[in-house]
file work.txt (compact mmCIF, N, CA and C atoms)
# COMPACT_ATOMS: atom_id res chain seq x y z
N VAL P 171 96.41 83.13 108.18
CA VAL P 171 97.09 84.23 107.49
C VAL P 171 98.58 84.15 107.77
N GLN P 172 99.36 84.36 106.74
CA GLN P 172 100.81 84.46 106.91
C GLN P 172 101.26 85.82 106.41
N LEU P 173 102.21 86.40 107.14
CA LEU P 173 102.72 87.73 106.79
C LEU P 173 104.21 87.65 106.53
N GLN P 174 104.63 88.36 105.50
CA GLN P 174 106.05 88.41 105.14
C GLN P 174 106.45 89.87 105.04
N ALA P 175 107.33 90.30 105.94
CA ALA P 175 107.81 91.68 105.93
C ALA P 175 109.16 91.75 105.23
N SER P 176 109.40 92.87 104.58
CA SER P 176 110.67 93.07 103.88
C SER P 176 110.97 94.56 103.76
N GLY P 177 112.20 94.88 103.40
CA GLY P 177 112.55 96.25 103.10
C GLY P 177 113.46 96.93 104.11
N GLY P 178 113.78 96.24 105.20
CA GLY P 178 114.66 96.85 106.19
C GLY P 178 116.08 97.00 105.66
N GLY P 179 116.88 97.74 106.41
CA GLY P 179 118.26 97.92 106.00
C GLY P 179 118.92 99.02 106.79
N LEU P 180 120.08 99.44 106.31
CA LEU P 180 120.86 100.48 106.95
C LEU P 180 120.74 101.77 106.14
N VAL P 181 120.45 102.86 106.83
CA VAL P 181 120.29 104.15 106.18
C VAL P 181 120.85 105.23 107.09
N GLN P 182 121.30 106.30 106.48
CA GLN P 182 121.80 107.42 107.28
C GLN P 182 120.63 108.27 107.78
N ALA P 183 120.87 108.97 108.86
CA ALA P 183 119.85 109.87 109.39
C ALA P 183 119.43 110.86 108.31
N GLY P 184 118.13 111.08 108.25
CA GLY P 184 117.58 111.95 107.23
C GLY P 184 117.15 111.23 105.97
N GLY P 185 117.54 109.98 105.86
CA GLY P 185 117.22 109.19 104.68
C GLY P 185 115.84 108.56 104.76
N SER P 186 115.56 107.71 103.77
CA SER P 186 114.25 107.08 103.66
C SER P 186 114.38 105.58 103.44
N LEU P 187 113.38 104.86 103.87
CA LEU P 187 113.24 103.44 103.61
C LEU P 187 111.76 103.14 103.39
N ARG P 188 111.52 102.06 102.66
CA ARG P 188 110.14 101.63 102.43
C ARG P 188 110.02 100.17 102.82
N LEU P 189 109.16 99.91 103.78
CA LEU P 189 108.90 98.53 104.23
C LEU P 189 107.63 98.01 103.57
N SER P 190 107.63 96.71 103.31
CA SER P 190 106.45 96.07 102.74
C SER P 190 106.05 94.87 103.59
N CYS P 191 104.78 94.59 103.61
CA CYS P 191 104.25 93.42 104.32
C CYS P 191 103.23 92.76 103.40
N SER P 192 103.49 91.52 103.07
CA SER P 192 102.61 90.80 102.17
C SER P 192 101.86 89.72 102.94
N ALA P 193 100.55 89.68 102.77
CA ALA P 193 99.72 88.70 103.46
C ALA P 193 99.29 87.61 102.49
N SER P 194 99.29 86.37 102.99
CA SER P 194 98.86 85.26 102.17
C SER P 194 98.04 84.29 103.02
N ARG P 195 97.49 83.30 102.35
CA ARG P 195 96.65 82.29 103.04
C ARG P 195 95.53 82.95 103.83
N ILE P 196 94.85 83.89 103.19
CA ILE P 196 93.77 84.63 103.84
C ILE P 196 92.46 83.93 103.58
N ARG P 197 91.80 83.49 104.62
CA ARG P 197 90.48 82.89 104.49
C ARG P 197 89.39 83.90 104.80
N PHE P 198 89.67 84.79 105.76
CA PHE P 198 88.71 85.79 106.17
C PHE P 198 89.38 87.17 106.11
N THR P 199 88.67 88.15 105.62
CA THR P 199 89.22 89.48 105.36
C THR P 199 89.91 90.07 106.58
N ILE P 200 91.06 90.64 106.34
CA ILE P 200 91.80 91.32 107.39
C ILE P 200 91.13 92.67 107.66
N SER P 201 90.84 92.95 108.92
CA SER P 201 90.19 94.22 109.27
C SER P 201 91.18 95.36 109.30
N VAL P 202 92.30 95.13 109.95
CA VAL P 202 93.29 96.19 110.09
C VAL P 202 94.69 95.58 110.04
N MET P 203 95.59 96.28 109.38
CA MET P 203 97.00 95.89 109.34
C MET P 203 97.81 97.00 109.98
N GLY P 204 98.87 96.62 110.64
CA GLY P 204 99.65 97.62 111.34
C GLY P 204 101.12 97.31 111.38
N TRP P 205 101.88 98.33 111.71
CA TRP P 205 103.32 98.22 111.92
C TRP P 205 103.64 98.53 113.37
N TYR P 206 104.52 97.73 113.91
CA TYR P 206 105.04 97.93 115.25
C TYR P 206 106.56 97.84 115.17
N ARG P 207 107.22 98.32 116.20
CA ARG P 207 108.67 98.20 116.23
C ARG P 207 109.14 97.92 117.65
N GLN P 208 110.30 97.30 117.70
CA GLN P 208 110.89 97.00 119.00
C GLN P 208 112.38 97.24 118.93
N ALA P 209 112.81 98.19 119.75
CA ALA P 209 114.23 98.50 119.85
C ALA P 209 114.85 97.62 120.93
N PRO P 210 116.14 97.38 120.87
CA PRO P 210 116.80 96.54 121.88
C PRO P 210 116.53 97.05 123.29
N GLY P 211 116.09 96.16 124.15
CA GLY P 211 115.85 96.52 125.53
C GLY P 211 114.56 97.26 125.78
N LYS P 212 113.74 97.43 124.75
CA LYS P 212 112.48 98.16 124.91
C LYS P 212 111.30 97.28 124.52
N GLN P 213 110.13 97.71 124.92
CA GLN P 213 108.92 96.99 124.57
C GLN P 213 108.50 97.30 123.13
N ARG P 214 107.78 96.38 122.56
CA ARG P 214 107.25 96.61 121.22
C ARG P 214 106.24 97.75 121.28
N GLU P 215 106.31 98.65 120.30
CA GLU P 215 105.42 99.80 120.30
C GLU P 215 104.70 99.95 118.97
N PHE P 216 103.52 100.49 119.04
CA PHE P 216 102.71 100.75 117.86
C PHE P 216 103.31 101.89 117.05
N ILE P 217 103.30 101.73 115.70
CA ILE P 217 103.79 102.77 114.81
C ILE P 217 102.68 103.32 113.94
N ALA P 218 102.00 102.46 113.23
CA ALA P 218 100.97 102.92 112.30
C ALA P 218 100.05 101.77 111.94
N SER P 219 98.83 102.12 111.54
CA SER P 219 97.88 101.10 111.11
C SER P 219 97.00 101.64 110.01
N VAL P 220 96.40 100.71 109.28
CA VAL P 220 95.47 101.08 108.21
C VAL P 220 94.38 100.02 108.15
N THR P 221 93.13 100.48 108.10
CA THR P 221 92.00 99.55 108.03
C THR P 221 91.75 99.16 106.58
N ASN P 222 90.88 98.18 106.39
CA ASN P 222 90.56 97.78 105.01
C ASN P 222 89.75 98.86 104.30
N GLY P 223 89.25 99.84 105.07
CA GLY P 223 88.59 100.98 104.46
C GLY P 223 89.51 102.15 104.19
N GLY P 224 90.78 102.00 104.59
CA GLY P 224 91.76 103.04 104.31
C GLY P 224 92.00 104.03 105.43
N THR P 225 91.35 103.86 106.56
CA THR P 225 91.58 104.76 107.69
C THR P 225 92.95 104.47 108.31
N THR P 226 93.74 105.52 108.50
CA THR P 226 95.09 105.36 109.04
C THR P 226 95.19 105.96 110.43
N ASN P 227 96.19 105.48 111.15
CA ASN P 227 96.45 105.96 112.49
C ASN P 227 97.96 105.88 112.71
N TYR P 228 98.53 106.88 113.39
CA TYR P 228 99.98 106.94 113.58
C TYR P 228 100.33 107.23 115.04
N ALA P 229 101.47 106.74 115.42
CA ALA P 229 102.03 107.14 116.70
C ALA P 229 102.55 108.57 116.56
N ASP P 230 102.53 109.30 117.65
CA ASP P 230 102.99 110.69 117.61
C ASP P 230 104.44 110.78 117.15
N SER P 231 105.23 109.79 117.49
CA SER P 231 106.66 109.84 117.19
C SER P 231 106.97 109.76 115.70
N VAL P 232 106.01 109.29 114.90
CA VAL P 232 106.28 109.14 113.45
C VAL P 232 105.32 109.97 112.60
N GLU P 233 104.33 110.59 113.23
CA GLU P 233 103.36 111.40 112.49
C GLU P 233 104.07 112.45 111.64
N GLY P 234 103.72 112.50 110.37
CA GLY P 234 104.32 113.48 109.47
C GLY P 234 105.58 112.99 108.78
N ARG P 235 106.17 111.92 109.27
CA ARG P 235 107.38 111.37 108.66
C ARG P 235 107.12 110.03 107.98
N PHE P 236 106.22 109.25 108.55
CA PHE P 236 105.91 107.91 108.02
C PHE P 236 104.52 107.95 107.39
N THR P 237 104.37 107.14 106.34
CA THR P 237 103.08 107.01 105.69
C THR P 237 102.77 105.53 105.48
N VAL P 238 101.63 105.10 105.98
CA VAL P 238 101.21 103.71 105.81
C VAL P 238 100.15 103.65 104.73
N SER P 239 100.22 102.60 103.92
CA SER P 239 99.21 102.41 102.88
C SER P 239 98.94 100.93 102.70
N ARG P 240 97.86 100.64 102.04
CA ARG P 240 97.44 99.24 101.91
C ARG P 240 96.79 99.05 100.55
N ASP P 241 97.11 97.94 99.93
CA ASP P 241 96.48 97.56 98.67
C ASP P 241 95.67 96.30 98.93
N ASN P 242 94.37 96.44 98.98
CA ASN P 242 93.51 95.30 99.29
C ASN P 242 93.45 94.28 98.16
N ARG P 243 93.84 94.70 96.96
CA ARG P 243 93.78 93.77 95.82
C ARG P 243 94.84 92.68 95.96
N ASP P 244 96.02 93.05 96.40
CA ASP P 244 97.06 92.03 96.54
C ASP P 244 97.49 91.85 97.99
N ASN P 245 96.69 92.40 98.91
CA ASN P 245 96.91 92.18 100.34
C ASN P 245 98.31 92.54 100.79
N THR P 246 98.73 93.73 100.42
CA THR P 246 100.02 94.22 100.86
C THR P 246 99.86 95.54 101.60
N MET P 247 100.77 95.77 102.49
CA MET P 247 100.81 97.03 103.25
C MET P 247 102.23 97.56 103.16
N THR P 248 102.36 98.85 103.00
CA THR P 248 103.68 99.46 102.94
C THR P 248 103.81 100.53 104.00
N LEU P 249 105.03 100.80 104.38
CA LEU P 249 105.33 101.87 105.31
C LEU P 249 106.47 102.68 104.70
N GLN P 250 106.14 103.87 104.24
CA GLN P 250 107.16 104.77 103.70
C GLN P 250 107.70 105.59 104.86
N MET P 251 108.99 105.47 105.09
CA MET P 251 109.61 106.14 106.22
C MET P 251 110.58 107.19 105.70
N ASN P 252 110.29 108.43 106.00
CA ASN P 252 111.14 109.55 105.58
C ASN P 252 111.73 110.24 106.79
N SER P 253 112.74 111.05 106.55
CA SER P 253 113.39 111.82 107.62
C SER P 253 113.72 110.92 108.81
N LEU P 254 114.34 109.81 108.51
CA LEU P 254 114.64 108.83 109.56
C LEU P 254 115.64 109.37 110.56
N LYS P 255 115.45 108.96 111.81
CA LYS P 255 116.30 109.39 112.91
C LYS P 255 116.95 108.16 113.54
N PRO P 256 118.08 108.33 114.20
CA PRO P 256 118.71 107.18 114.88
C PRO P 256 117.75 106.48 115.84
N GLU P 257 116.87 107.22 116.45
CA GLU P 257 115.92 106.60 117.39
C GLU P 257 114.85 105.77 116.70
N ASP P 258 114.82 105.79 115.38
CA ASP P 258 113.91 104.91 114.63
C ASP P 258 114.51 103.50 114.47
N THR P 259 115.75 103.34 114.88
CA THR P 259 116.40 102.04 114.78
C THR P 259 115.66 101.02 115.62
N ALA P 260 115.24 99.93 114.97
CA ALA P 260 114.47 98.89 115.66
C ALA P 260 114.18 97.77 114.67
N THR P 261 113.66 96.68 115.20
CA THR P 261 113.09 95.65 114.35
C THR P 261 111.62 95.98 114.16
N TYR P 262 111.20 96.03 112.92
CA TYR P 262 109.83 96.40 112.58
C TYR P 262 109.03 95.15 112.24
N TYR P 263 107.83 95.09 112.81
CA TYR P 263 106.95 93.94 112.64
C TYR P 263 105.62 94.38 112.03
N CYS P 264 105.07 93.57 111.15
CA CYS P 264 103.72 93.85 110.67
C CYS P 264 102.73 92.90 111.35
N LYS P 265 101.52 93.38 111.45
CA LYS P 265 100.47 92.66 112.16
C LYS P 265 99.19 92.73 111.36
N ALA P 266 98.47 91.62 111.34
CA ALA P 266 97.16 91.58 110.69
C ALA P 266 96.13 91.16 111.73
N GLN P 267 95.02 91.84 111.74
CA GLN P 267 93.99 91.56 112.75
C GLN P 267 92.61 91.59 112.11
N ARG P 268 91.82 90.63 112.51
CA ARG P 268 90.41 90.64 112.12
C ARG P 268 89.60 90.87 113.38
N THR P 269 88.73 91.86 113.37
CA THR P 269 88.03 92.27 114.58
C THR P 269 86.59 91.79 114.66
N VAL P 270 86.16 91.05 113.62
CA VAL P 270 84.82 90.46 113.66
C VAL P 270 84.98 88.95 113.56
N THR P 271 84.00 88.22 114.04
CA THR P 271 84.09 86.77 114.06
C THR P 271 84.23 86.20 112.67
N PRO P 272 85.12 85.29 112.44
CA PRO P 272 86.14 84.76 113.36
C PRO P 272 87.32 85.71 113.48
N THR P 273 87.63 86.05 114.69
CA THR P 273 88.71 87.00 114.93
C THR P 273 90.06 86.29 114.91
N TYR P 274 91.10 87.06 114.59
CA TYR P 274 92.46 86.52 114.68
C TYR P 274 93.45 87.68 114.74
N VAL P 275 94.63 87.36 115.19
CA VAL P 275 95.76 88.28 115.19
C VAL P 275 96.97 87.48 114.71
N THR P 276 97.66 88.02 113.73
CA THR P 276 98.84 87.35 113.17
C THR P 276 99.98 88.35 113.05
N TRP P 277 101.16 87.90 113.42
CA TRP P 277 102.37 88.72 113.32
C TRP P 277 103.28 88.15 112.25
N GLY P 278 103.95 89.04 111.55
CA GLY P 278 104.99 88.62 110.63
C GLY P 278 106.33 88.60 111.34
N GLN P 279 107.33 88.09 110.64
CA GLN P 279 108.67 88.13 111.21
C GLN P 279 109.17 89.56 111.11
N GLY P 280 110.13 89.94 111.88
CA GLY P 280 110.60 91.30 111.88
C GLY P 280 111.58 91.58 110.75
N THR P 281 111.70 92.87 110.45
CA THR P 281 112.72 93.33 109.52
C THR P 281 113.47 94.47 110.19
N LEU P 282 114.78 94.40 110.17
CA LEU P 282 115.61 95.32 110.94
C LEU P 282 115.87 96.61 110.17
N VAL P 283 115.63 97.70 110.85
CA VAL P 283 115.94 99.03 110.32
C VAL P 283 117.00 99.65 111.21
N THR P 284 118.10 100.06 110.61
CA THR P 284 119.18 100.70 111.36
C THR P 284 119.44 102.07 110.76
N VAL P 285 119.34 103.09 111.59
CA VAL P 285 119.57 104.46 111.14
C VAL P 285 120.84 104.96 111.81
N SER P 286 121.83 105.28 111.01
CA SER P 286 123.10 105.75 111.54
C SER P 286 123.12 107.27 111.62
N SER P 287 123.82 107.76 112.61
CA SER P 287 123.88 109.22 112.81
C SER P 287 125.02 109.84 112.04
call {"tool": "encode", "arguments": {"input": "work.txt", "output": "structure tokens"}}
result
Amino acid sequence: VQLQASGGGLVQAGGSLRLSCSASRIRFTISVMGWYRQAPGKQREFIASVTNGGTTNYADSVEGRFTVSRDNRDNTMTLQMNSLKPEDTATYYCKAQRTVTPTYVTWGQGTLVTVSS
């Protein structure tokens, strides 16, 4: 599986951005896709995930502001980010995971989100 993330950029606080993650070269169905972020000097942290059945999960820090969705037909995942805060500034990564045999975990390259105050 290969993942391609896009949509990062510079936005003012209170603004919105939409990130996309496109998966290709899929031989076995992806069980869950997720977004993580890593700010300078900090560890990578979980943001949101969505299963192939549509079940979503969010970190407390983004609950109510971010919305994750997935289109299984074209193997894409999006992250709609609203009410952005300066503390949301980070490099955002998408992840694809299969939890049944054959299992795998794949990361995409990061896309930078910068929120100015």
call {"tool": "residues_near_point", "arguments": {"input": "work.txt", "point": "(90.1, 93.1, 109.6)", "cutoff": "12 Å", "atoms": "only C-alpha atoms", "output": "PyMOL selection string"}}
result
chain P and resi 171+196-204+219-225+242+245+265-276
call {"tool": "residues_around", "arguments": {"input": "work.txt", "residues": "Val181 of chain P", "least_positions_apart": "3", "cutoff": "7 Å", "atoms": "all atoms listed in the file", "output": "list of chain:residue names"}}
result
P:Gly184, P:Gly185, P:Ser186, P:Val283, P:Thr284, P:Val285, P:Ser286, P:Ser287
call {"tool": "atom_distance", "arguments": {"input": "work.txt", "atom1": "atom CA of Leu249 of chain P", "atom2": "atom CA of Gly177 of chain P"}}
result
9.4 Å
call {"tool": "residues_around", "arguments": {"input": "work.txt", "residues": "Phe216 of chain P", "least_positions_apart": "3", "cutoff": "6.5 Å", "atoms": "only N, CA and C atoms", "output": "ChimeraX atom specification"}}
result
/P:205-207,228-229
call {"tool": "closest_residue", "arguments": {"input": "work.txt", "among": "P:Ala193, P:Glu215, P:Leu180, P:Thr259", "to": "Thr246 of chain P", "atoms": "only C-alpha atoms"}}
result
P:Ala193
call {"tool": "select_by_dssp", "arguments": {"input": "work.txt", "residues": "chain P", "states": "strand (DSSP E or B)", "output": "PyMOL selection string"}}
result
chain P and resi 172-176+179-182+187-194+202-208+215-221+226-228+236-241+246-251+260-268+274-277+281-286
call {"tool": "residues_around", "arguments": {"input": "work.txt", "residues": "Ser176 of chain P", "least_positions_apart": "4", "cutoff": "6 Å", "atoms": "all atoms listed in the file", "output": "PDB file with N, CA and C atoms, in the frame of the given file"}}
result
ATOM      1  N   ARG P 188     111.520 102.060 102.660  1.00  0.00           N
ATOM      2  CA  ARG P 188     110.140 101.630 102.430  1.00  0.00           C
ATOM      3  C   ARG P 188     110.020 100.170 102.820  1.00  0.00           C
ATOM      4  N   LEU P 189     109.160  99.910 103.780  1.00  0.00           N
ATOM      5  CA  LEU P 189     108.900  98.530 104.230  1.00  0.00           C
ATOM      6  C   LEU P 189     107.630  98.010 103.570  1.00  0.00           C
ATOM      7  N   SER P 190     107.630  96.710 103.310  1.00  0.00           N
ATOM      8  CA  SER P 190     106.450  96.070 102.740  1.00  0.00           C
ATOM      9  C   SER P 190     106.050  94.870 103.590  1.00  0.00           C
ATOM     10  N   CYS P 191     104.780  94.590 103.610  1.00  0.00           N
ATOM     11  CA  CYS P 191     104.250  93.420 104.320  1.00  0.00           C
ATOM     12  C   CYS P 191     103.230  92.760 103.400  1.00  0.00           C
ATOM     13  N   THR P 281     111.700  92.870 110.450  1.00  0.00           N
ATOM     14  CA  THR P 281     112.720  93.330 109.520  1.00  0.00           C
ATOM     15  C   THR P 281     113.470  94.470 110.190  1.00  0.00           C
TER      16      THR P 281
END
call {"tool": "atom_distance", "arguments": {"input": "work.txt", "atom1": "atom C of Leu282 of chain P", "atom2": "atom C of Glu257 of chain P"}}
result
11.3 Å
call {"tool": "atom_distance", "arguments": {"input": "work.txt", "atom1": "atom CA of Glu233 of chain P", "atom2": "atom CA of Gln182 of chain P"}}
result
19.6 Å
call {"tool": "residues_around", "arguments": {"input": "work.txt", "residues": "Arg235 of chain P", "least_positions_apart": "6", "cutoff": "6.5 Å", "atoms": "only N, CA and C atoms", "output": "list in words"}}
result
Gln250, Met251, Asn252 and Ser253 of chain P
call {"tool": "axis_aligned_box", "arguments": {"input": "work.txt", "around": "segment 262-278 of chain P", "padding_each_side": "8 Å", "output": "AutoDock Vina command-line options"}}
result
--center_x 97.6 --center_y 90.6 --center_z 112.9 --size_x 43.2 --size_y 27.6 --size_z 20.6
call {"tool": "decode", "arguments": {"input": "work.txt", "residues": "segment 183-195 of chain P", "atoms": "all heavy atoms", "output": "PDB file, in the first residue's frame"}}
result
ATOM      1  N   ALA P 183      -5.750  31.450  12.533  1.00  0.00           N
ATOM      2  CA  ALA P 183      -6.529  30.846  13.604  1.00  0.00           C
ATOM      3  C   ALA P 183      -8.018  31.089  13.357  1.00  0.00           C
ATOM      4  O   ALA P 183      -8.422  32.182  12.960  1.00  0.00           O
ATOM      5  CB  ALA P 183      -6.112  31.426  14.949  1.00  0.00           C
ATOM      6  N   GLY P 184      -8.788  30.041  13.595  1.00  0.00           N
ATOM      7  CA  GLY P 184     -10.216  30.105  13.335  1.00  0.00           C
ATOM      8  C   GLY P 184     -10.611  29.639  11.950  1.00  0.00           C
ATOM      9  O   GLY P 184     -11.801  29.438  11.676  1.00  0.00           O
ATOM     10  N   GLY P 185      -9.630  29.462  11.094  1.00  0.00           N
ATOM     11  CA  GLY P 185      -9.887  29.047   9.726  1.00  0.00           C
ATOM     12  C   GLY P 185     -10.028  27.542   9.592  1.00  0.00           C
ATOM     13  O   GLY P 185     -10.039  26.804  10.585  1.00  0.00           O
ATOM     14  N   SER P 186     -10.122  27.104   8.339  1.00  0.00           N
ATOM     15  CA  SER P 186     -10.335  25.692   8.038  1.00  0.00           C
ATOM     16  C   SER P 186      -9.358  25.208   6.979  1.00  0.00           C
ATOM     17  O   SER P 186      -8.886  25.981   6.138  1.00  0.00           O
ATOM     18  CB  SER P 186     -11.767  25.461   7.523  1.00  0.00           C
ATOM     19  OG  SER P 186     -12.724  25.834   8.481  1.00  0.00           O
ATOM     20  N   LEU P 187      -9.066  23.929   7.033  1.00  0.00           N
ATOM     21  CA  LEU P 187      -8.291  23.242   6.017  1.00  0.00           C
ATOM     22  C   LEU P 187      -8.865  21.846   5.847  1.00  0.00           C
ATOM     23  O   LEU P 187      -9.451  21.284   6.774  1.00  0.00           O
ATOM     24  CB  LEU P 187      -6.814  23.133   6.405  1.00  0.00           C
ATOM     25  CG  LEU P 187      -5.879  24.300   6.110  1.00  0.00           C
ATOM     26  CD1 LEU P 187      -4.488  23.987   6.658  1.00  0.00           C
ATOM     27  CD2 LEU P 187      -5.811  24.609   4.626  1.00  0.00           C
ATOM     28  N   ARG P 188      -8.634  21.290   4.666  1.00  0.00           N
ATOM     29  CA  ARG P 188      -9.083  19.932   4.389  1.00  0.00           C
ATOM     30  C   ARG P 188      -7.901  19.128   3.881  1.00  0.00           C
ATOM     31  O   ARG P 188      -7.296  19.465   2.862  1.00  0.00           O
ATOM     32  CB  ARG P 188     -10.193  19.950   3.340  1.00  0.00           C
ATOM     33  CG  ARG P 188     -10.839  18.607   3.070  1.00  0.00           C
ATOM     34  CD  ARG P 188     -11.963  18.794   2.042  1.00  0.00           C
ATOM     35  NE  ARG P 188     -12.646  17.571   1.705  1.00  0.00           N
ATOM     36  CZ  ARG P 188     -13.713  17.116   2.353  1.00  0.00           C
ATOM     37  NH1 ARG P 188     -14.203  17.800   3.365  1.00  0.00           N
ATOM     38  NH2 ARG P 188     -14.289  15.991   1.972  1.00  0.00           N
ATOM     39  N   LEU P 189      -7.567  18.081   4.605  1.00  0.00           N
ATOM     40  CA  LEU P 189      -6.477  17.183   4.205  1.00  0.00           C
ATOM     41  C   LEU P 189      -7.054  15.950   3.519  1.00  0.00           C
ATOM     42  O   LEU P 189      -8.146  15.498   3.865  1.00  0.00           O
ATOM     43  CB  LEU P 189      -5.657  16.749   5.416  1.00  0.00           C
ATOM     44  CG  LEU P 189      -5.060  17.850   6.296  1.00  0.00           C
ATOM     45  CD1 LEU P 189      -4.216  17.215   7.407  1.00  0.00           C
ATOM     46  CD2 LEU P 189      -4.245  18.813   5.487  1.00  0.00           C
ATOM     47  N   SER P 190      -6.301  15.436   2.565  1.00  0.00           N
ATOM     48  CA  SER P 190      -6.698  14.215   1.875  1.00  0.00           C
ATOM     49  C   SER P 190      -5.569  13.201   1.920  1.00  0.00           C
ATOM     50  O   SER P 190      -4.393  13.573   1.937  1.00  0.00           O
ATOM     51  CB  SER P 190      -7.056  14.508   0.416  1.00  0.00           C
ATOM     52  OG  SER P 190      -8.198  15.318   0.323  1.00  0.00           O
ATOM     53  N   CYS P 191      -5.931  11.943   1.921  1.00  0.00           N
ATOM     54  CA  CYS P 191      -4.960  10.852   1.881  1.00  0.00           C
ATOM     55  C   CYS P 191      -5.474   9.825   0.883  1.00  0.00           C
ATOM     56  O   CYS P 191      -6.576   9.295   1.046  1.00  0.00           O
ATOM     57  CB  CYS P 191      -4.802  10.227   3.254  1.00  0.00           C
ATOM     58  SG  CYS P 191      -3.659   8.822   3.300  1.00  0.00           S
ATOM     59  N   SER P 192      -4.686   9.578  -0.132  1.00  0.00           N
ATOM     60  CA  SER P 192      -5.086   8.645  -1.174  1.00  0.00           C
ATOM     61  C   SER P 192      -4.238   7.388  -1.084  1.00  0.00           C
ATOM     62  O   SER P 192      -3.005   7.474  -1.029  1.00  0.00           O
ATOM     63  CB  SER P 192      -4.918   9.295  -2.554  1.00  0.00           C
ATOM     64  OG  SER P 192      -5.241   8.381  -3.579  1.00  0.00           O
ATOM     65  N   ALA P 193      -4.894   6.236  -1.078  1.00  0.00           N
ATOM     66  CA  ALA P 193      -4.195   4.961  -0.993  1.00  0.00           C
ATOM     67  C   ALA P 193      -4.178   4.279  -2.350  1.00  0.00           C
ATOM     68  O   ALA P 193      -5.166   4.309  -3.096  1.00  0.00           O
ATOM     69  CB  ALA P 193      -4.875   4.052   0.027  1.00  0.00           C
ATOM     70  N   SER P 194      -3.041   3.661  -2.664  1.00  0.00           N
ATOM     71  CA  SER P 194      -2.916   2.945  -3.920  1.00  0.00           C
ATOM     72  C   SER P 194      -2.134   1.660  -3.695  1.00  0.00           C
ATOM     73  O   SER P 194      -1.596   1.422  -2.611  1.00  0.00           O
ATOM     74  CB  SER P 194      -2.218   3.819  -4.967  1.00  0.00           C
ATOM     75  OG  SER P 194      -0.922   4.180  -4.541  1.00  0.00           O
ATOM     76  N   ARG P 195      -2.072   0.858  -4.733  1.00  0.00           N
ATOM     77  CA  ARG P 195      -1.359  -0.434  -4.666  1.00  0.00           C
ATOM     78  C   ARG P 195      -1.872  -1.281  -3.511  1.00  0.00           C
ATOM     79  O   ARG P 195      -1.092  -1.821  -2.726  1.00  0.00           O
ATOM     80  CB  ARG P 195       0.142  -0.213  -4.569  1.00  0.00           C
ATOM     81  CG  ARG P 195       0.711   0.516  -5.776  1.00  0.00           C
ATOM     82  CD  ARG P 195       2.220   0.506  -5.786  1.00  0.00           C
ATOM     83  NE  ARG P 195       2.742   1.169  -6.973  1.00  0.00           N
ATOM     84  CZ  ARG P 195       4.027   1.228  -7.280  1.00  0.00           C
ATOM     85  NH1 ARG P 195       4.919   0.649  -6.500  1.00  0.00           N
ATOM     86  NH2 ARG P 195       4.413   1.859  -8.369  1.00  0.00           N
TER      87      ARG P 195
END
